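Only one structure is covered here, and it is reproduced in the block below.
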Amino acid sequence: MISRPRFMIAAAHKSSGKTVVSTGLAAAFHRAGDAIGTFKKGPDYIDPMWLGAATDHPCYNLDFNAMRRECITPFFQSRARPGGLSLVEANKGLYDGLQTDGSDSNAELAKLLRLPVILVIDTLGMTRGIAPLLQGYQGFDPDVTIAGVILNKVGGARHEGKLRQAVETYTDLPVVGSVWRDPALDIGERHLGLTTPAELSRRDAMIAGFADIVGRSVDMDRVRAIAHSAPDLADQQVIESPSAQVGPGVRIGVIRDAAFGFYYPDDLEAFEKSGAELVFIDAIHDAHLPDLDGLFIGGGFPEVRMQDLSANVSLRGDIKSALQGGLPCYAECGGLMYLCDSLSWQGETCAMVGVIPGAAVMHARPQGRGYARFTNTDAHPWGAPGGGIRAHEFHYASIDGLPEDTRYARDIQRGFGIDGGRDAIVTANTVAGFCHLRNSAEFPWVPHFLEFVWRCRGK
């Protein structure tokens, strides 16, 4: 049995401010010298960027959809920082999930990892009503340990006093913090959620401000005590995905910049574990494509920087020539949009790479959103055979004007993909789709892609 101080930050509903509170807490602990590791429940890229930036350490996702249940605990143990605290941020509300029985909820993750839960409550417009809400959350599942409350978006001293009195009178929960409304705690939201840290020139200053405000508004010692109250976990052997059978010297380009940043850190670790060298590329500023054996373009917000991406004519030309010449490439969502002929948003159209003969068009409403499931087709050059492959998608874009003879690597069983039934366009040695994959023991896409890269290199 191993003692692993840990806790979950959850809420009653989404947009309660838990990411700002979690980021501020993580940054405050990091500043105080605590070895703080962070995790995010569910398929999310943006919140982990903030948590990772706050701690100078990768934030890892824990996801019932992409990971087998028996893999989650050993994965968590393998990524927890030795001798430090672990903060797990929930998604949406504590009891929310896709399954109506709660089997993939935040509460289920808290029970699986035996995490004491600190609830962040959005108190806007609320006083005595906080008491029945907390009573309901405590009574709904007695196997979930709710260990404390952080009052958030508090209107001032009088408002805080009423809230504290209600919590202390009607519940046995300690109030471990009270965060007053402050414009300095506003990250900003857009069509895909929170603004990413890479887009903000004041990122470090903002995170420092979060640490100042949250650090003085929350009883840090009490949170530490809650983390140390977590019961011991039996040490479990991590179930890793297989490594690729490739030789030395394989160079994989990864486009990561202000437009593209949706990468799971353990996916990138899987490349390196197989011996691949990752070469990071800035599609906005780098003039030329370096010497590579393969290219990975993740998701992001290419529409926000489409003028800059389009203006980098030399790099777009290099990528087009390389991919048409057979360089293996895997692209997801924003990466797919970047490889199209053009990208249109808010009445403006910009030229993109031009490898995929279609136009990426942004819409006012999501075109595909949520968990996805698919079967790889015979056209997939490196995908594992069989169905039931689980992924997720979240895109406001469609791909218009594709030729009728377009080849697709995936038949969609759940979700939308590119046209409601298919996803992942195949052209030369490129696979580009809207679904986001997560490398895991069950769905090890990284070694499959790397082995394909190695075969292409041999030719």
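All residue names refer to the structure tokens as shown: chains lettered A, B, ... in order, residues numbered from 1 in each chain, ligands numbered from 1 in order.
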
With a distance cut-off of 9 Å and only C-alpha atoms, select the neighbouring residues of Val313 in chain A, excluding the residue or stretch itself and same-chain residues fewer than 6 positions from it, and output the selection as a compact mmCIF listing (two decimals) with N, CA and C atoms, in the first residue's frame.
```txt
# COMPACT_ATOMS: atom_id res chain seq x y z
N ALA A 287 10.02 28.82 -41.36
CA ALA A 287 9.92 29.02 -42.80
C ALA A 287 9.96 27.72 -43.59
N MET A 352 -4.83 27.41 -47.39
CA MET A 352 -4.12 26.53 -46.47
C MET A 352 -3.13 25.67 -47.26
N VAL A 353 -2.78 24.49 -46.78
CA VAL A 353 -1.71 23.69 -47.39
C VAL A 353 -2.12 23.17 -48.76
```

List every residue of range 313-432 of chain A that has an atom at most 12 Å from any atom of range 231-252 of chain A, and for each one report the closest atom pair and its distance in Å to one decimal, counting only C-alpha atoms, with rows sorted by chain and then by increasing residue number, as JSON lines.
```
{"residue": "A:Leu327", "atom": "CA", "partner": "A:Ile252", "partner_atom": "CA", "distance": 10.5}
{"residue": "A:Pro328", "atom": "CA", "partner": "A:Ile252", "partner_atom": "CA", "distance": 9.5}
{"residue": "A:Cys329", "atom": "CA", "partner": "A:Ile252", "partner_atom": "CA", "distance": 9.3}
{"residue": "A:Tyr330", "atom": "CA", "partner": "A:Ile252", "partner_atom": "CA", "distance": 10.5}
```

Item to complete: Name all residues at most 8 Å from range 140-148 of chain A (count only C-alpha atoms; drop same-chain ones fewer than 2 positions away) and give them as a ChimeraX atom specification.
Response: /A:107,110-111,115-119,136-138,150,173-176,226

Worksheet item: Mind checking DSSP for range 49-114 of chain A and telling me the alpha helix (DSSP H) residues as a list of chain:residue names?
Response: A:Met49, A:Trp50, A:Leu51, A:Gly52, A:Ala53, A:Ala54, A:Thr55, A:Arg69, A:Glu70, A:Cys71, A:Ile72, A:Thr73, A:Pro74, A:Phe75, A:Phe76, A:Gln77, A:Ser78, A:Arg79, A:Asn106, A:Ala107, A:Glu108, A:Leu109, A:Ala110, A:Lys111, A:Leu112, A:Leu113

Practice prompt. Find the spatial neighbours of Val426 in chain A, counting only C-alpha atoms, within a cut-off of 8 Å - ignore same-chain residues fewer than 6 positions away - and output them as JSON, numbers by chain.
Written response: {"A": [379, 380, 406, 407, 408, 409, 432]}

Emit the selected residues as a compact mmCIF listing (two decimals), in the first residue's frame, including N, CA and C atoms.
```
# COMPACT_ATOMS: atom_id res chain seq x y z
N ALA A 379 -8.98 1.07 -46.43
CA ALA A 379 -8.18 2.17 -46.98
C ALA A 379 -7.17 2.72 -45.97
N HIS A 380 -7.34 2.37 -44.69
CA HIS A 380 -6.44 2.91 -43.66
C HIS A 380 -5.06 2.27 -43.81
N THR A 406 -13.24 10.43 -52.89
CA THR A 406 -12.42 10.57 -51.69
C THR A 406 -12.41 9.25 -50.91
N ARG A 407 -11.22 8.85 -50.48
CA ARG A 407 -11.09 7.62 -49.69
C ARG A 407 -11.10 7.97 -48.20
N TYR A 408 -11.80 7.14 -47.42
CA TYR A 408 -11.92 7.36 -45.99
C TYR A 408 -11.37 6.16 -45.23
N ALA A 409 -10.70 6.44 -44.10
CA ALA A 409 -10.08 5.39 -43.30
C ALA A 409 -10.99 4.86 -42.20
N ALA A 432 -6.11 12.06 -42.31
CA ALA A 432 -6.53 13.28 -41.64
C ALA A 432 -8.02 13.25 -41.37
```
